[in-house]
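> Sharing a structure with you now.
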Amino acid sequence: MRIEALKARYPGAKTYVFGDSARLSAELLGLVRSGKKRATCLSMAEVARGEAVPQIGRCDIATTFDGRPALVTRTMELRLVRFCDMPEDMALAEGEDEDLAGWKGGHERYYRRLGVFDPEMELIWERFEVVEDLGAVDEVE
């Protein structure tokens, strides 16, 4: 299904991509599809660069790294938290790590790649549900 048709079906929907590479995007989409990942976070620095802010109740379209629609998600909960204050239960809801230390290490590396890491940076933590699985899968070498 095309993004334009999805936006007509889900008025106000924004598009977003999990991760900063095709490999990471495919891994995170897989975690969402398996039910393990039901949360994510977005730095305020990314918002300042133009990333859309999630809104409770709004449906959004997660795409593959190359831009094909993969999932429709609905934002269920938002919390503003500093990186250094991330609680373990919220970090583990992201489904990527076994403990808070793993979450902190992986996310620090990610935000350093983006050039925005600060231990006191503010994050928008989002809990979401999957509304529709559109079937698109990243092609990863």
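Just remember, in the structure tokens the first chain shown is A, the second B, etc., residues are 1-based per chain, and ligands are 1-based in the order shown.
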Looking only at helix (DSSP H, G or I) from DSSP on the backbone, list the matching residues of chain A as a PyMOL selection string.

chain A and resi 3-9+22-34+44-48+83-85+88-92+100-114

> Output the selection as an mmCIF file, in the first residue's frame - C-alpha atoms for each residue.


data_model
loop_
_atom_site.group_PDB
_atom_site.id
_atom_site.type_symbol
_atom_site.label_atom_id
_atom_site.label_comp_id
_atom_site.auth_asym_id
_atom_site.auth_seq_id
_atom_site.Cartn_x
_atom_site.Cartn_y
_atom_site.Cartn_z
ATOM 1 C CA ILE A 3 1.928 6.053 1.879
ATOM 2 C CA GLU A 4 -0.615 8.469 0.377
ATOM 3 C CA ALA A 5 -3.388 5.864 0.708
ATOM 4 C CA LEU A 6 -2.329 5.097 4.283
ATOM 5 C CA LYS A 7 -2.391 8.777 5.199
ATOM 6 C CA ALA A 8 -5.929 8.975 3.806
ATOM 7 C CA ARG A 9 -6.892 5.953 5.937
ATOM 8 C CA ALA A 22 18.934 -0.706 6.965
ATOM 9 C CA ARG A 23 20.243 -3.449 9.253
ATOM 10 C CA LEU A 24 19.135 -1.743 12.477
ATOM 11 C CA SER A 25 15.794 -0.770 10.951
ATOM 12 C CA ALA A 26 15.097 -4.381 9.913
ATOM 13 C CA GLU A 27 16.104 -5.655 13.355
ATOM 14 C CA LEU A 28 13.817 -3.183 15.150
ATOM 15 C CA LEU A 29 10.873 -3.837 12.803
ATOM 16 C CA GLY A 30 11.357 -7.542 13.532
ATOM 17 C CA LEU A 31 11.227 -6.891 17.280
ATOM 18 C CA VAL A 32 8.007 -4.927 16.834
ATOM 19 C CA ARG A 33 6.488 -7.701 14.708
ATOM 20 C CA SER A 34 7.440 -10.334 17.296
ATOM 21 C CA MET A 44 14.589 16.404 21.640
ATOM 22 C CA ALA A 45 17.635 17.105 19.436
ATOM 23 C CA GLU A 46 16.000 15.016 16.687
ATOM 24 C CA VAL A 47 12.780 16.981 17.150
ATOM 25 C CA ALA A 48 14.772 20.206 16.765
ATOM 26 C CA PHE A 83 18.803 9.868 29.179
ATOM 27 C CA CYS A 84 20.570 9.545 32.542
ATOM 28 C CA ASP A 85 17.232 9.077 34.354
ATOM 29 C CA GLU A 88 14.803 0.165 33.583
ATOM 30 C CA ASP A 89 11.165 -0.830 32.992
ATOM 31 C CA MET A 90 10.781 1.827 30.294
ATOM 32 C CA ALA A 91 14.119 0.928 28.682
ATOM 33 C CA LEU A 92 13.256 -2.774 28.587
ATOM 34 C CA LEU A 100 19.344 -0.994 31.607
ATOM 35 C CA ALA A 101 23.124 -1.019 31.105
ATOM 36 C CA GLY A 102 22.674 -2.620 27.681
ATOM 37 C CA TRP A 103 20.012 -0.067 26.765
ATOM 38 C CA LYS A 104 22.259 2.826 27.854
ATOM 39 C CA GLY A 105 25.262 1.490 25.924
ATOM 40 C CA GLY A 106 23.340 0.890 22.709
ATOM 41 C CA HIS A 107 21.453 4.158 22.835
ATOM 42 C CA GLU A 108 24.560 6.160 23.665
ATOM 43 C CA ARG A 109 26.271 4.684 20.583
ATOM 44 C CA TYR A 110 23.190 5.474 18.468
ATOM 45 C CA TYR A 111 22.917 9.081 19.657
ATOM 46 C CA ARG A 112 26.671 9.572 19.236
ATOM 47 C CA ARG A 113 26.323 8.435 15.592
ATOM 48 C CA LEU A 114 23.636 11.097 15.237
#

> Within 7 Å of Arg79 in chain A, counting only C-alpha atoms, which residues qualify if same-chain residues fewer than 5 places away don't, as an MDAnalysis selection string?

chainID A and resid 124:126

> Once you have the residues from the selection above, write them out as a short mmCIF file (atom, residue, chain, number, x, y, z; two decimals), in the first residue's frame, restricted to N, CA and C atoms.


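Generated output (selection-v6.cif):
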data_model
loop_
_atom_site.label_atom_id
_atom_site.label_comp_id
_atom_site.auth_asym_id
_atom_site.auth_seq_id
_atom_site.Cartn_x
_atom_site.Cartn_y
_atom_site.Cartn_z
N ILE A 124 11.88 11.76 24.41
CA ILE A 124 10.45 11.49 24.45
C ILE A 124 10.33 9.98 24.35
N TRP A 125 9.89 9.33 25.43
CA TRP A 125 9.69 7.90 25.43
C TRP A 125 8.24 7.64 25.03
N GLU A 126 8.05 6.71 24.11
CA GLU A 126 6.72 6.43 23.57
C GLU A 126 6.39 4.95 23.69
#

> Work out how far apart CA of Met1 in chain A and CA of Arg49 in chain A are and give it in Å to one decimal.

28.1 Å

> Have a look at CA of Thr73 in chain A and CA of Gly50 in chain A and let me know their distance in Å, one decimal.

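Answer for the CA of Thr73 in chain A to CA of Gly50 in chain A separation: 19.8 Å.
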
> Please determine, counting only C-alpha atoms, which residue among A:Ile61, A:Met121, A:Ala93, A:Val116 has the shortest atom-to-atom distance to Gly35 in chain A.

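Of all the options, A:Ala93 lies closest to Gly35 in chain A.
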
> Taking the DSSP assignment computed from this structure's backbone, write out as a PyMOL selection string all residues of chain A that belong to strand (DSSP E).

chain A and resi 15-17+39-43+59-63+69-82+122-133

> When you look at Gly95 in chain A with a cut-off of 8 Å (counting only C-alpha atoms), what residues show up, excluding the ones that are within fewer than 6 positions of it in the same chain? I need them as a PDB file with C-alpha atoms, in the first residue's frame.


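Produced file selection.pdb, reproduced below:
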ATOM      1  CA  LEU A  31      11.227  -6.891  17.280  1.00  0.00           C
ATOM      2  CA  LYS A  36       8.916  -7.815  21.984  1.00  0.00           C
ATOM      3  CA  LYS A  37       9.234  -4.093  21.151  1.00  0.00           C
ATOM      4  CA  ARG A  38       6.338  -1.898  22.244  1.00  0.00           C
ATOM      5  CA  ALA A  39       8.200   1.317  23.022  1.00  0.00           C
TER       6      ALA A  39
END

> A:Leu42, A:Val17, A:Val130, A:Leu123: which is nearest Pro69 in chain A, counting only C-alpha atoms?

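Selected residue with least distance to Pro69 in chain A: A:Val17.
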
> Give the answer as one residue: which of A:Glu98, A:Val131, A:Leu80, A:Thr40 has the shortest atom-to-atom distance to Gly19 in chain A, using only C-alpha atoms?

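Ranked by minimum distance to Gly19 in chain A, first place goes to A:Thr40.
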
> Rank A:Lys14, A:Arg127, A:Arg74, A:Arg2 by their smallest atom-to-atom distance to Ala52 in chain A, using only C-alpha atoms, and report the top residue only.

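The answer is A:Lys14, which sits nearest to Ala52 in chain A.
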
> Given the choices A:Met86, A:Val81, A:Met76, A:Leu134, which gets closest to Arg58 in chain A if the distance is worked out from only C-alpha atoms?

A:Met76
